[in-house]
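> So here's target_26.pdb (PDB, C-alpha atoms and all ligand atoms).
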```
ATOM      1  CA  MET A   1       0.829  22.024   1.993
ATOM      2  CA  GLU A   2      -0.972  22.394  -1.307
ATOM      3  CA  TYR A   3      -0.954  19.239  -3.430
ATOM      4  CA  ASN A   4      -0.548  19.394  -7.195
ATOM      5  CA  PHE A   5      -0.257  15.660  -7.793
ATOM      6  CA  ILE A   6      -2.461  14.128  -5.111
ATOM      7  CA  LYS A   7      -6.239  14.126  -4.856
ATOM      8  CA  ILE A   8      -7.898  13.291  -1.546
ATOM      9  CA  GLU A   9     -11.461  12.228  -0.772
ATOM     10  CA  HIS A  10     -12.845  11.414   2.687
ATOM     11  CA  THR A  11     -15.962   9.363   3.270
ATOM     12  CA  GLN A  12     -16.940   8.138   6.721
ATOM     13  CA  GLY A  13     -13.649   6.856   8.073
ATOM     14  CA  ILE A  14     -12.194   6.048   4.645
ATOM     15  CA  THR A  15      -9.670   8.276   2.866
ATOM     16  CA  ILE A  16      -9.055   7.722  -0.836
ATOM     17  CA  LEU A  17      -5.699   9.044  -2.040
ATOM     18  CA  LYS A  18      -5.231   9.303  -5.817
ATOM     19  CA  ILE A  19      -1.843   9.859  -7.389
ATOM     20  CA  SER A  20      -2.488  12.230 -10.259
ATOM     21  CA  ALA A  21       0.190  13.089 -12.805
ATOM     22  CA  PRO A  22      -1.608  12.283 -16.074
ATOM     23  CA  LYS A  23       1.166  13.441 -18.401
ATOM     24  CA  SER A  24       3.540  10.762 -17.121
ATOM     25  CA  LEU A  25       1.016   8.027 -16.251
ATOM     26  CA  ASN A  26       1.356   8.986 -12.567
ATOM     27  CA  ALA A  27       5.121   8.359 -12.486
ATOM     28  CA  LEU A  28       6.629   9.376  -9.152
ATOM     29  CA  ASN A  29       8.993  12.324  -9.162
ATOM     30  CA  SER A  30      10.492  13.794  -5.983
ATOM     31  CA  THR A  31       7.755  16.445  -5.742
ATOM     32  CA  ILE A  32       5.054  13.757  -5.723
ATOM     33  CA  LEU A  33       7.002  11.732  -3.156
ATOM     34  CA  LYS A  34       7.218  14.813  -0.903
ATOM     35  CA  GLU A  35       3.506  15.485  -1.334
ATOM     36  CA  LEU A  36       2.786  11.866  -0.446
ATOM     37  CA  SER A  37       4.985  12.111   2.625
ATOM     38  CA  ASP A  38       3.226  15.278   3.783
ATOM     39  CA  CYS A  39      -0.191  13.813   3.095
ATOM     40  CA  LEU A  40       0.568  10.694   5.152
ATOM     41  CA  SER A  41       1.652  12.742   8.135
ATOM     42  CA  HIS A  42      -1.470  14.938   7.936
ATOM     43  CA  LEU A  43      -4.126  12.304   7.350
ATOM     44  CA  ASP A  44      -7.558  13.351   8.513
ATOM     45  CA  ALA A  45      -7.894  12.243  12.156
ATOM     46  CA  ALA A  46     -11.101  10.378  11.332
ATOM     47  CA  THR A  47      -9.307   8.162   8.786
ATOM     48  CA  ARG A  48      -9.492   4.500   9.765
ATOM     49  CA  VAL A  49      -8.687   2.962   6.383
ATOM     50  CA  LEU A  50      -6.602   4.447   3.567
ATOM     51  CA  ILE A  51      -7.118   3.437  -0.069
ATOM     52  CA  ILE A  52      -4.380   4.367  -2.537
ATOM     53  CA  THR A  53      -5.103   4.389  -6.253
ATOM     54  CA  GLY A  54      -4.028   6.096  -9.470
ATOM     55  CA  ASP A  55      -5.973   8.810 -11.238
ATOM     56  CA  GLY A  56      -7.319   7.977 -14.692
ATOM     57  CA  GLU A  57      -8.116   4.658 -16.285
ATOM     58  CA  LYS A  58      -4.729   3.644 -17.590
ATOM     59  CA  SER A  59      -2.226   3.746 -14.784
ATOM     60  CA  PHE A  60      -1.819   3.201 -11.058
ATOM     61  CA  VAL A  61       1.783   4.443 -11.074
ATOM     62  CA  ALA A  62       4.078   3.780 -14.085
ATOM     63  CA  GLY A  63       7.202   3.830 -11.928
ATOM     64  CA  ALA A  64       9.610   6.397 -10.659
ATOM     65  CA  ASP A  65      10.015   9.320 -13.048
ATOM     66  CA  ILE A  66      12.639   8.248 -15.576
ATOM     67  CA  SER A  67      13.183  11.799 -16.841
ATOM     68  CA  GLU A  68      14.135  12.882 -13.305
ATOM     69  CA  MET A  69      16.397   9.863 -12.733
ATOM     70  CA  ALA A  70      18.164   9.974 -16.098
ATOM     71  CA  HIS A  71      20.869  12.463 -15.044
ATOM     72  CA  LEU A  72      21.403  11.511 -11.403
ATOM     73  CA  ASN A  73      24.887  10.666 -10.134
ATOM     74  CA  GLU A  74      25.551   7.996  -7.507
ATOM     75  CA  ALA A  75      24.915  10.245  -4.491
ATOM     76  CA  GLN A  76      21.742  11.698  -6.039
ATOM     77  CA  GLY A  77      20.514   8.206  -6.995
ATOM     78  CA  TYR A  78      21.064   7.121  -3.402
ATOM     79  CA  GLU A  79      19.081  10.121  -2.099
ATOM     80  CA  PHE A  80      16.205   9.612  -4.553
ATOM     81  CA  GLY A  81      15.979   5.937  -3.601
ATOM     82  CA  ARG A  82      16.088   6.836   0.079
ATOM     83  CA  LEU A  83      13.270   9.372  -0.278
ATOM     84  CA  GLY A  84      10.994   6.838  -1.984
ATOM     85  CA  ALA A  85      11.905   4.088   0.468
ATOM     86  CA  GLN A  86      11.130   6.363   3.438
ATOM     87  CA  VAL A  87       7.740   7.358   2.062
ATOM     88  CA  PHE A  88       6.823   3.738   1.325
ATOM     89  CA  ARG A  89       7.971   2.643   4.786
ATOM     90  CA  ALA A  90       5.732   5.359   6.246
ATOM     91  CA  ILE A  91       2.815   3.797   4.346
ATOM     92  CA  GLU A  92       3.732   0.310   5.559
ATOM     93  CA  THR A  93       3.916   1.408   9.200
ATOM     94  CA  LEU A  94       0.774   3.582   9.306
ATOM     95  CA  PRO A  95      -1.300   2.373  12.258
ATOM     96  CA  ILE A  96      -4.323   1.854   9.978
ATOM     97  CA  PRO A  97      -4.942  -0.590   7.114
ATOM     98  CA  VAL A  98      -3.889   0.573   3.646
ATOM     99  CA  ILE A  99      -5.464  -0.961   0.521
ATOM    100  CA  ALA A 100      -3.899  -0.483  -2.907
ATOM    101  CA  ALA A 101      -6.602  -0.386  -5.586
ATOM    102  CA  VAL A 102      -4.407  -1.026  -8.625
ATOM    103  CA  ASN A 103      -6.309   0.396 -11.574
ATOM    104  CA  GLY A 104      -3.696   0.057 -14.330
ATOM    105  CA  PHE A 105       0.077   0.019 -14.806
ATOM    106  CA  ALA A 106       1.943  -0.734 -11.568
ATOM    107  CA  LEU A 107       5.504  -0.815 -12.849
ATOM    108  CA  GLY A 108       8.780  -0.317 -11.002
ATOM    109  CA  GLY A 109       8.103   2.171  -8.202
ATOM    110  CA  GLY A 110       4.370   1.674  -8.849
ATOM    111  CA  CYS A 111       4.555  -2.032  -8.051
ATOM    112  CA  GLU A 112       6.726  -1.109  -5.053
ATOM    113  CA  LEU A 113       4.138   1.412  -3.860
ATOM    114  CA  ALA A 114       1.413  -1.233  -4.083
ATOM    115  CA  MET A 115       3.615  -3.649  -2.133
ATOM    116  CA  ALA A 116       4.067  -1.136   0.707
ATOM    117  CA  CYS A 117       0.288  -1.296   1.202
ATOM    118  CA  ASP A 118      -1.236  -3.997   3.412
ATOM    119  CA  ILE A 119      -3.503  -5.432   0.729
ATOM    120  CA  ARG A 120      -3.559  -5.174  -3.061
ATOM    121  CA  ILE A 121      -6.643  -5.613  -5.224
ATOM    122  CA  ALA A 122      -6.495  -5.030  -8.962
ATOM    123  CA  SER A 123      -8.517  -4.164 -12.010
ATOM    124  CA  SER A 124      -8.496  -6.847 -14.714
ATOM    125  CA  LYS A 125      -6.631  -4.246 -16.796
ATOM    126  CA  ALA A 126      -3.792  -3.815 -14.263
ATOM    127  CA  LYS A 127      -0.258  -4.775 -15.245
ATOM    128  CA  PHE A 128       2.598  -5.377 -12.836
ATOM    129  CA  GLY A 129       6.336  -5.488 -13.299
ATOM    130  CA  GLN A 130       9.770  -4.526 -12.037
ATOM    131  CA  PRO A 131      11.405  -3.460 -15.316
ATOM    132  CA  GLU A 132      14.314  -1.595 -13.671
ATOM    133  CA  VAL A 133      17.173  -3.797 -14.899
ATOM    134  CA  GLY A 134      16.170  -2.843 -18.446
ATOM    135  CA  LEU A 135      16.981   0.742 -17.469
ATOM    136  CA  GLY A 136      20.302  -0.186 -15.879
ATOM    137  CA  ILE A 137      19.093   0.092 -12.276
ATOM    138  CA  ILE A 138      17.605  -2.210  -9.660
ATOM    139  CA  PRO A 139      14.280  -1.768  -7.882
ATOM    140  CA  GLY A 140      15.119   1.096  -5.535
ATOM    141  CA  PHE A 141      11.995   1.738  -3.498
ATOM    142  CA  SER A 142      12.379  -1.492  -1.455
ATOM    143  CA  GLY A 143      11.138  -3.879  -4.158
ATOM    144  CA  THR A 144      14.007  -6.322  -3.691
ATOM    145  CA  TYR A 145      12.977  -6.568  -0.036
ATOM    146  CA  ARG A 146       9.176  -6.718  -0.320
ATOM    147  CA  LEU A 147       8.581  -8.667  -3.555
ATOM    148  CA  PRO A 148      10.246 -11.910  -2.322
ATOM    149  CA  LYS A 149       8.310 -11.609   0.946
ATOM    150  CA  ILE A 150       5.035 -11.420  -0.967
ATOM    151  CA  VAL A 151       5.513 -13.861  -3.865
ATOM    152  CA  GLY A 152       8.574 -15.868  -2.774
ATOM    153  CA  GLN A 153      12.133 -15.618  -4.091
ATOM    154  CA  GLY A 154      11.565 -17.664  -7.261
ATOM    155  CA  HIS A 155       8.785 -15.469  -8.668
ATOM    156  CA  ALA A 156      10.479 -12.288  -7.382
ATOM    157  CA  LYS A 157      13.789 -13.113  -9.038
ATOM    158  CA  GLU A 158      12.058 -14.083 -12.282
ATOM    159  CA  MET A 159      10.145 -10.772 -12.360
ATOM    160  CA  ILE A 160      13.190  -8.676 -11.430
ATOM    161  CA  TYR A 161      15.792 -10.421 -13.667
ATOM    162  CA  THR A 162      13.519 -10.602 -16.733
ATOM    163  CA  GLY A 163      11.735  -7.286 -16.153
ATOM    164  CA  LYS A 164       8.650  -8.897 -17.619
ATOM    165  CA  VAL A 165       5.251  -7.292 -17.251
ATOM    166  CA  ILE A 166       2.530  -9.582 -15.929
ATOM    167  CA  ARG A 167      -1.228  -9.288 -16.191
ATOM    168  CA  ALA A 168      -3.613  -9.096 -13.249
ATOM    169  CA  ASP A 169      -4.588 -12.782 -13.496
ATOM    170  CA  GLU A 170      -0.928 -13.826 -13.250
ATOM    171  CA  ALA A 171      -0.430 -11.410 -10.321
ATOM    172  CA  LEU A 172      -3.356 -13.136  -8.634
ATOM    173  CA  ARG A 173      -1.901 -16.586  -9.338
ATOM    174  CA  ILE A 174       1.434 -15.763  -7.699
ATOM    175  CA  GLY A 175      -0.154 -13.984  -4.733
ATOM    176  CA  LEU A 176       0.879 -10.440  -5.608
ATOM    177  CA  VAL A 177      -2.763  -9.347  -5.411
ATOM    178  CA  ASN A 178      -5.662 -10.683  -3.341
ATOM    179  CA  ALA A 179      -8.398 -10.265  -5.943
ATOM    180  CA  VAL A 180      -9.086  -9.035  -9.476
ATOM    181  CA  TYR A 181     -12.241  -7.146 -10.460
ATOM    182  CA  GLU A 182     -13.677  -5.539 -13.560
ATOM    183  CA  PRO A 183     -12.307  -1.966 -13.808
ATOM    184  CA  GLU A 184     -15.650  -0.327 -13.017
ATOM    185  CA  GLN A 185     -16.032  -2.455  -9.871
ATOM    186  CA  LEU A 186     -12.556  -1.888  -8.430
ATOM    187  CA  MET A 187     -13.176   1.167  -6.228
ATOM    188  CA  GLU A 188     -16.532  -0.158  -5.070
ATOM    189  CA  LYS A 189     -14.825  -3.401  -3.969
ATOM    190  CA  ALA A 190     -12.003  -1.487  -2.247
ATOM    191  CA  VAL A 191     -14.536   0.594  -0.317
ATOM    192  CA  GLU A 192     -16.538  -2.545   0.521
ATOM    193  CA  MET A 193     -13.416  -4.155   2.002
ATOM    194  CA  ALA A 194     -12.628  -0.960   3.931
ATOM    195  CA  GLN A 195     -16.179  -0.859   5.296
ATOM    196  CA  MET A 196     -15.830  -4.416   6.628
ATOM    197  CA  MET A 197     -12.740  -3.228   8.502
ATOM    198  CA  LEU A 198     -14.645  -0.228   9.892
ATOM    199  CA  HIS A 199     -16.980  -2.589  11.757
ATOM    200  CA  ASN A 200     -14.076  -3.901  13.819
ATOM    201  CA  ALA A 201     -12.092  -2.498  16.744
ATOM    202  CA  PRO A 202      -9.550   0.049  15.407
ATOM    203  CA  VAL A 203      -6.921  -0.531  18.103
ATOM    204  CA  ALA A 204      -7.153  -4.296  17.611
ATOM    205  CA  ILE A 205      -6.627  -3.904  13.851
ATOM    206  CA  SER A 206      -3.675  -1.612  14.472
ATOM    207  CA  LEU A 207      -2.091  -4.058  16.948
ATOM    208  CA  ALA A 208      -2.720  -6.976  14.563
ATOM    209  CA  LYS A 209      -0.943  -5.016  11.805
ATOM    210  CA  GLN A 210       1.980  -4.293  14.116
ATOM    211  CA  SER A 211       2.182  -7.950  15.142
ATOM    212  CA  ILE A 212       2.171  -9.178  11.524
ATOM    213  CA  ASN A 213       4.613  -6.546  10.239
ATOM    214  CA  GLU A 214       7.113  -6.708  13.079
ATOM    215  CA  GLY A 215       6.707 -10.435  13.748
ATOM    216  CA  TYR A 216       7.459 -11.385  10.136
ATOM    217  CA  ASP A 217      11.161 -10.554  10.401
ATOM    218  CA  LEU A 218      11.663 -12.128  13.842
ATOM    219  CA  ASP A 219      12.379 -15.740  14.767
ATOM    220  CA  ALA A 220       9.408 -17.830  15.936
ATOM    221  CA  ASP A 221       9.948 -17.328  19.678
ATOM    222  CA  ALA A 222      10.384 -13.571  19.381
ATOM    223  CA  ALA A 223       7.393 -13.238  17.006
ATOM    224  CA  ILE A 224       5.150 -15.240  19.323
ATOM    225  CA  ALA A 225       6.363 -13.237  22.349
ATOM    226  CA  LEU A 226       5.560 -10.011  20.457
ATOM    227  CA  GLU A 227       2.063 -11.250  19.636
ATOM    228  CA  ASN A 228       1.594 -12.264  23.260
ATOM    229  CA  LYS A 229       2.546  -8.764  24.448
ATOM    230  CA  LEU A 230       0.222  -7.063  21.947
ATOM    231  CA  PHE A 231      -2.586  -9.520  22.751
ATOM    232  CA  GLY A 232      -2.241  -8.521  26.412
ATOM    233  CA  LYS A 233      -2.447  -4.852  25.432
ATOM    234  CA  CYS A 234      -5.881  -5.422  23.881
ATOM    235  CA  PHE A 235      -7.243  -6.074  27.384
ATOM    236  CA  ALA A 236      -6.316  -2.528  28.388
ATOM    237  CA  THR A 237      -8.741  -1.143  25.766
ATOM    238  CA  SER A 238     -12.387  -0.260  26.221
ATOM    239  CA  ASP A 239     -12.984  -1.766  22.755
ATOM    240  CA  GLN A 240     -12.161  -5.224  24.135
ATOM    241  CA  LYS A 241     -14.694  -4.731  26.967
ATOM    242  CA  GLU A 242     -17.256  -3.450  24.453
ATOM    243  CA  GLY A 243     -16.647  -6.222  21.881
ATOM    244  CA  MET A 244     -17.001  -9.019  24.391
ATOM    245  CA  ASP A 245     -19.929  -7.429  26.252
ATOM    246  CA  ALA A 246     -21.718  -6.957  22.921
ATOM    247  CA  PHE A 247     -21.164 -10.611  22.023
ATOM    248  CA  LEU A 248     -22.372 -11.865  25.405
ATOM    249  CA  ASN A 249     -25.458  -9.624  25.269
ATOM    250  CA  LYS A 250     -26.217 -10.478  21.631
ATOM    251  CA  ARG A 251     -25.953  -6.907  20.370
ATOM    252  CA  GLN A 252     -23.850  -5.057  17.798
ATOM    253  CA  ALA A 253     -20.575  -3.702  19.229
ATOM    254  CA  GLU A 254     -19.946   0.029  19.048
ATOM    255  CA  PHE A 255     -16.220   0.627  19.161
ATOM    256  CA  ASN A 256     -14.716   3.972  20.066
ATOM    257  CA  GLY A 257     -11.109   3.185  19.166
ATOM    258  CA  LYS A 258      -9.858   3.387  22.750
TER     259      LYS A 258
HETATM  260  N1  LIG A 301       8.758   8.089 -15.994
HETATM  261  C1  LIG A 301       8.590   9.190 -16.739
HETATM  262  N2  LIG A 301       7.659   9.286 -17.709
HETATM  263  C2  LIG A 301       6.878   8.221 -17.922
HETATM  264  C3  LIG A 301       7.003   7.033 -17.190
HETATM  265  C4  LIG A 301       7.995   6.996 -16.177
HETATM  266  N3  LIG A 301       8.162   5.924 -15.382
HETATM  267  N4  LIG A 301       6.106   6.146 -17.655
HETATM  268  C5  LIG A 301       5.432   6.765 -18.641
HETATM  269  N5  LIG A 301       5.893   8.001 -18.810
HETATM  270  C6  LIG A 301       5.451   9.008 -19.797
HETATM  271  C7  LIG A 301       5.960   8.689 -21.179
HETATM  272  O1  LIG A 301       7.279   9.144 -21.342
HETATM  273  C8  LIG A 301       4.969   9.432 -22.029
HETATM  274  O2  LIG A 301       5.308  10.803 -22.039
HETATM  275  P1  LIG A 301       5.189  11.646 -23.413
HETATM  276  O3  LIG A 301       3.727  11.639 -23.762
HETATM  277  O4  LIG A 301       5.706  13.003 -23.031
HETATM  278  O5  LIG A 301       6.018  10.932 -24.440
HETATM  279  C9  LIG A 301       3.670   9.300 -21.254
HETATM  280  O6  LIG A 301       4.029   8.949 -19.921
HETATM  281  C10 LIG A 301       2.762   8.216 -21.790
HETATM  282  O7  LIG A 301       3.533   7.024 -21.855
HETATM  283  P2  LIG A 301       3.643   6.134 -23.203
HETATM  284  O8  LIG A 301       3.433   6.976 -24.404
HETATM  285  O9  LIG A 301       4.896   5.360 -23.117
HETATM  286  O10 LIG A 301       2.357   5.209 -23.019
HETATM  287  P3  LIG A 301       2.175   3.723 -23.553
HETATM  288  O11 LIG A 301       0.766   3.368 -23.312
HETATM  289  O12 LIG A 301       2.711   3.570 -24.922
HETATM  290  O13 LIG A 301       3.093   2.825 -22.568
HETATM  291  C11 LIG A 301       3.988   2.130 -20.444
HETATM  292  C12 LIG A 301       2.785   2.743 -21.192
HETATM  293  C13 LIG A 301       4.155   0.674 -20.864
HETATM  294  C14 LIG A 301       3.672   2.206 -18.968
HETATM  295  C15 LIG A 301       5.271   2.926 -20.796
HETATM  296  O14 LIG A 301       5.029   4.308 -20.592
HETATM  297  C16 LIG A 301       6.478   2.539 -19.945
HETATM  298  O15 LIG A 301       7.085   1.522 -20.211
HETATM  299  N6  LIG A 301       6.790   3.368 -18.950
HETATM  300  C17 LIG A 301       7.955   3.150 -18.116
HETATM  301  C18 LIG A 301       7.702   2.030 -17.145
HETATM  302  C19 LIG A 301       8.942   1.773 -16.320
HETATM  303  O16 LIG A 301       9.989   1.366 -16.822
HETATM  304  N7  LIG A 301       8.790   1.980 -15.010
HETATM  305  C20 LIG A 301       9.882   1.754 -14.078
HETATM  306  C21 LIG A 301      10.641   3.019 -13.906
HETATM  307  S1  LIG A 301      12.071   2.751 -12.906
HETATM  308  C22 LIG A 301      11.480   2.712 -11.343
HETATM  309  O17 LIG A 301      10.318   2.814 -11.072
HETATM  310  C23 LIG A 301      12.522   2.528 -10.302
HETATM  311  C24 LIG A 301      11.969   2.716  -8.880
HETATM  312  C25 LIG A 301      13.099   2.850  -7.919
HETATM  313  C26 LIG A 301      13.843   4.118  -8.102
HETATM  314  C27 LIG A 301      15.060   4.181  -7.301
HETATM  315  C28 LIG A 301      15.761   5.498  -7.482
HETATM  316  C29 LIG A 301      17.203   5.465  -7.389
END
```
Produce structure tokens that represent the structure in this file.


Amino acid sequence: MEYNFIKIEHTQGITILKISAPKSLNALNSTILKELSDCLSHLDAATRVLIITGDGEKSFVAGADISEMAHLNEAQGYEFGRLGAQVFRAIETLPIPVIAAVNGFALGGGCELAMACDIRIASSKAKFGQPEVGLGIIPGFSGTYRLPKIVGQGHAKEMIYTGKVIRADEALRIGLVNAVYEPEQLMEKAVEMAQMMLHNAPVAISLAKQSINEGYDLDADAAIALENKLFGKCFATSDQKEGMDAFLNKRQAEFNGK
């Protein structure tokens, strides 16, 4: 599929995906969501970490496309929400780490896109918000589900009921992002974090992600049992043999992802 609104770069195990719709500050319409969906299911096989960012200096993603949503009826609104939610769930469940490098506005669906990623880092110029109720809708790309998980119900409800836009330093304070950098450093820092991940065993990272994601919604006994099962699985990998042999022989491990 040819992409009109997505730019892709690959560098040594890292894929950088840029949402690029400059006329609308990278707002997500259904074409972009379909491109994203296709891109996720055809990621380069060598990709071990995905970084998602917005093209340009001003915006990560300024929300879902309001001009597309303006005339939807109930059934169409449901379908549009479902499309976005499916794409974001596909990001969340990718078997590799996904870093959101939030370079500017992350509003509505943009904040929700960032929250579907494993880790968010932000430019000092980034702004976050869920302004949907000001448009007569609620967050519809799973924001009511993910925001309270990330920042707790109090902060989530305050952001969603007031629709207020918060700066990167406030997002850091409430735990919505892990770190804030100067704009010109953001991508460098995202790549640096990805490179640290590349040194580690890919299957182990993937199983750790599965354990965290799936365990979070289970009760303690079920979550611990899940971790136990996935921990056991690690011992069926050659990466576990390699990692431990390398440690015992005081050499650098060379993982093959098997
Ligand atoms: N949708 C469509 N167009 C947009 C959007 C958007 N979300 N955001 C910006 N644009 C367009 C503007 O209309 C403008 O177009 P034009 O040049 O043709 O007038 C262009 O981008 C530049 O924007 P501004 O001139 O407004 O730029 P400013 O720097 O003055 O302001 C803001 C930047 C603050 C980001 C402002 O554009 C804004 O408030 N945008 C809307 C933000 C918003 O409310 N986002 C949430 C949208 S709702 C949502 O995401 C719901 C997700 C779940 C959907 C569920 C479906 C059922």

> Quick check on the file I pasted: which residues fall under the PyMOL selection byres (((chain A and resi 159) around 12) and not hetatm)? Write them as a tab-separated table (two decimals) with C-alpha atoms, in the frame of the given file.


```tsv
chain	number	residue	atom	x	y	z
A	107	LEU	CA	5.50	-0.82	-12.85
A	108	GLY	CA	8.78	-0.32	-11.00
A	111	CYS	CA	4.56	-2.03	-8.05
A	128	PHE	CA	2.60	-5.38	-12.84
A	129	GLY	CA	6.34	-5.49	-13.30
A	130	GLN	CA	9.77	-4.53	-12.04
A	131	PRO	CA	11.40	-3.46	-15.32
A	132	GLU	CA	14.31	-1.60	-13.67
A	133	VAL	CA	17.17	-3.80	-14.90
A	134	GLY	CA	16.17	-2.84	-18.45
A	138	ILE	CA	17.60	-2.21	-9.66
A	139	PRO	CA	14.28	-1.77	-7.88
A	143	GLY	CA	11.14	-3.88	-4.16
A	144	THR	CA	14.01	-6.32	-3.69
A	147	LEU	CA	8.58	-8.67	-3.56
A	148	PRO	CA	10.25	-11.91	-2.32
A	151	VAL	CA	5.51	-13.86	-3.86
A	152	GLY	CA	8.57	-15.87	-2.77
A	153	GLN	CA	12.13	-15.62	-4.09
A	154	GLY	CA	11.56	-17.66	-7.26
A	155	HIS	CA	8.78	-15.47	-8.67
A	156	ALA	CA	10.48	-12.29	-7.38
A	157	LYS	CA	13.79	-13.11	-9.04
A	158	GLU	CA	12.06	-14.08	-12.28
A	160	ILE	CA	13.19	-8.68	-11.43
A	161	TYR	CA	15.79	-10.42	-13.67
A	162	THR	CA	13.52	-10.60	-16.73
A	163	GLY	CA	11.74	-7.29	-16.15
A	164	LYS	CA	8.65	-8.90	-17.62
A	165	VAL	CA	5.25	-7.29	-17.25
A	166	ILE	CA	2.53	-9.58	-15.93
A	170	GLU	CA	-0.93	-13.83	-13.25
A	171	ALA	CA	-0.43	-11.41	-10.32
A	174	ILE	CA	1.43	-15.76	-7.70
A	176	LEU	CA	0.88	-10.44	-5.61
```

> With all atoms of ligand LIG 301 (chain A) from the file as input, state the centre and edge lengths in Å to one decimal of the axis-aligned box that has 8 Å extra on each side, as lines of an AutoDock Vina configuration file.


```
center_x = 9.0
center_y = 6.8
center_z = -16.1
size_x = 32.4
size_y = 28.3
size_z = 33.6
```

> Have a look at CA of Asn256 in chain A and CA of Glu242 in chain A and let me know their distance in Å, one decimal.

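Distance between the two atoms: 9.0 Å.
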
> As a check of understanding, name the residues that the PyMOL selection byres (((chain A and resi 64) around 9) and not hetatm) selects in the supplied structure, as a ChimeraX atom specification.

/A:26-30,61-63,65-69,84,107-110,141

> With 12 Å as the threshold, what does the neighbourhood of (6.8, 4.3, 8.6) contain in terms of residues, counting all atoms listed in the file? Coordinates are those of the file; answer as a PyMOL selection string.

chain A and resi 37+40-41+84-96+116-117+210+213-214

> Under the rule that all atoms listed in the file are counted, which of A:Ala236, A:Ile52, A:Leu25, A:Ile14 is the nearest residue to Glu192 in chain A?

A:Ile14

> Record the distance separating atom O10 of ligand LIG 301 (chain A) and CA of Gly104 in chain A, expressed in Å with one decimal.

11.8 Å

> To one decimal in Å, tell me the separation between CA of Lys125 in chain A and CA of Pro183 in chain A.

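These atoms are spaced 6.8 Å apart.
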
> I need every residue sitting at most 9 Å from the point (-3.8, -0.8, 18.7) (coordinates as in the file, only C-alpha atoms considered), written as a list in words.

Pro95, Ala201, Pro202, Val203, Ala204, Ile205, Ser206, Leu207, Ala208, Lys209, Gln210, Leu230, Lys233, Cys234, Thr237, Gly257 and Lys258 of chain A

> Which one is closest to ligand LIG 301 (chain A): A:Leu50, A:Ile32, A:Leu135, A:Ile99? Count all atoms listed in the file.

A:Leu135

> When you count only C-alpha atoms, which of these residues is closest to Arg48 in chain A: A:Glu74, A:Tyr3, A:Gly81, A:Met196?

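Counting only C-alpha atoms, the residue closest to Arg48 in chain A is A:Met196.
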
> Counting all atoms listed in the file, figure out which residue out of A:Ile137, A:Ala100, A:Met115, A:Leu33 gets nearest to ligand LIG 301 (chain A).

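Closest candidate: A:Ile137.
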
> Name the residues that the PyMOL selection byres (((chain A and resi 177) around 9) and not hetatm) pulls out of this structure, and write them as a PyMOL selection string.

chain A and resi 119-122+168-169+171-176+178-180

> My list of candidates is A:Ser24, A:Thr31, A:Asn103, A:Gln12. Which is closest to ligand LIG 301 (chain A) when distances are computed with only C-alpha atoms and all ligand atoms?

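That would be A:Ser24, the residue with the smallest distance to ligand LIG 301 (chain A).
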
> Please complete range 23-34 of chain A with N, CA and C atoms and give it back as a CSV table (one decimal), keeping the file's coordinate frame.


```csv
chain,number,residue,atom,x,y,z
A,23,LYS,N,0.2,13.4,-17.3
A,23,LYS,CA,1.2,13.4,-18.4
A,23,LYS,C,2.2,12.3,-18.4
A,24,SER,N,2.5,11.8,-17.2
A,24,SER,CA,3.5,10.8,-17.1
A,24,SER,C,3.0,9.5,-16.6
A,25,LEU,N,1.7,9.2,-16.8
A,25,LEU,CA,1.0,8.0,-16.3
A,25,LEU,C,1.3,7.8,-14.8
A,26,ASN,N,1.2,9.0,-14.0
A,26,ASN,CA,1.4,9.0,-12.6
A,26,ASN,C,2.7,8.5,-12.1
A,27,ALA,N,3.8,8.7,-12.9
A,27,ALA,CA,5.1,8.4,-12.5
A,27,ALA,C,5.5,9.3,-11.3
A,28,LEU,N,6.3,8.7,-10.4
A,28,LEU,CA,6.6,9.4,-9.2
A,28,LEU,C,7.9,10.2,-9.3
A,29,ASN,N,7.8,11.5,-9.2
A,29,ASN,CA,9.0,12.3,-9.2
A,29,ASN,C,9.2,12.8,-7.7
A,30,SER,N,10.3,13.5,-7.4
A,30,SER,CA,10.5,13.8,-6.0
A,30,SER,C,9.4,14.7,-5.4
A,31,THR,N,8.8,15.6,-6.3
A,31,THR,CA,7.8,16.4,-5.7
A,31,THR,C,6.6,15.6,-5.3
A,32,ILE,N,6.2,14.6,-6.1
A,32,ILE,CA,5.1,13.8,-5.7
A,32,ILE,C,5.4,13.0,-4.4
A,33,LEU,N,6.6,12.5,-4.4
A,33,LEU,CA,7.0,11.7,-3.2
A,33,LEU,C,6.9,12.6,-1.9
A,34,LYS,N,7.3,13.9,-2.1
A,34,LYS,CA,7.2,14.8,-0.9
A,34,LYS,C,5.8,15.1,-0.6
```
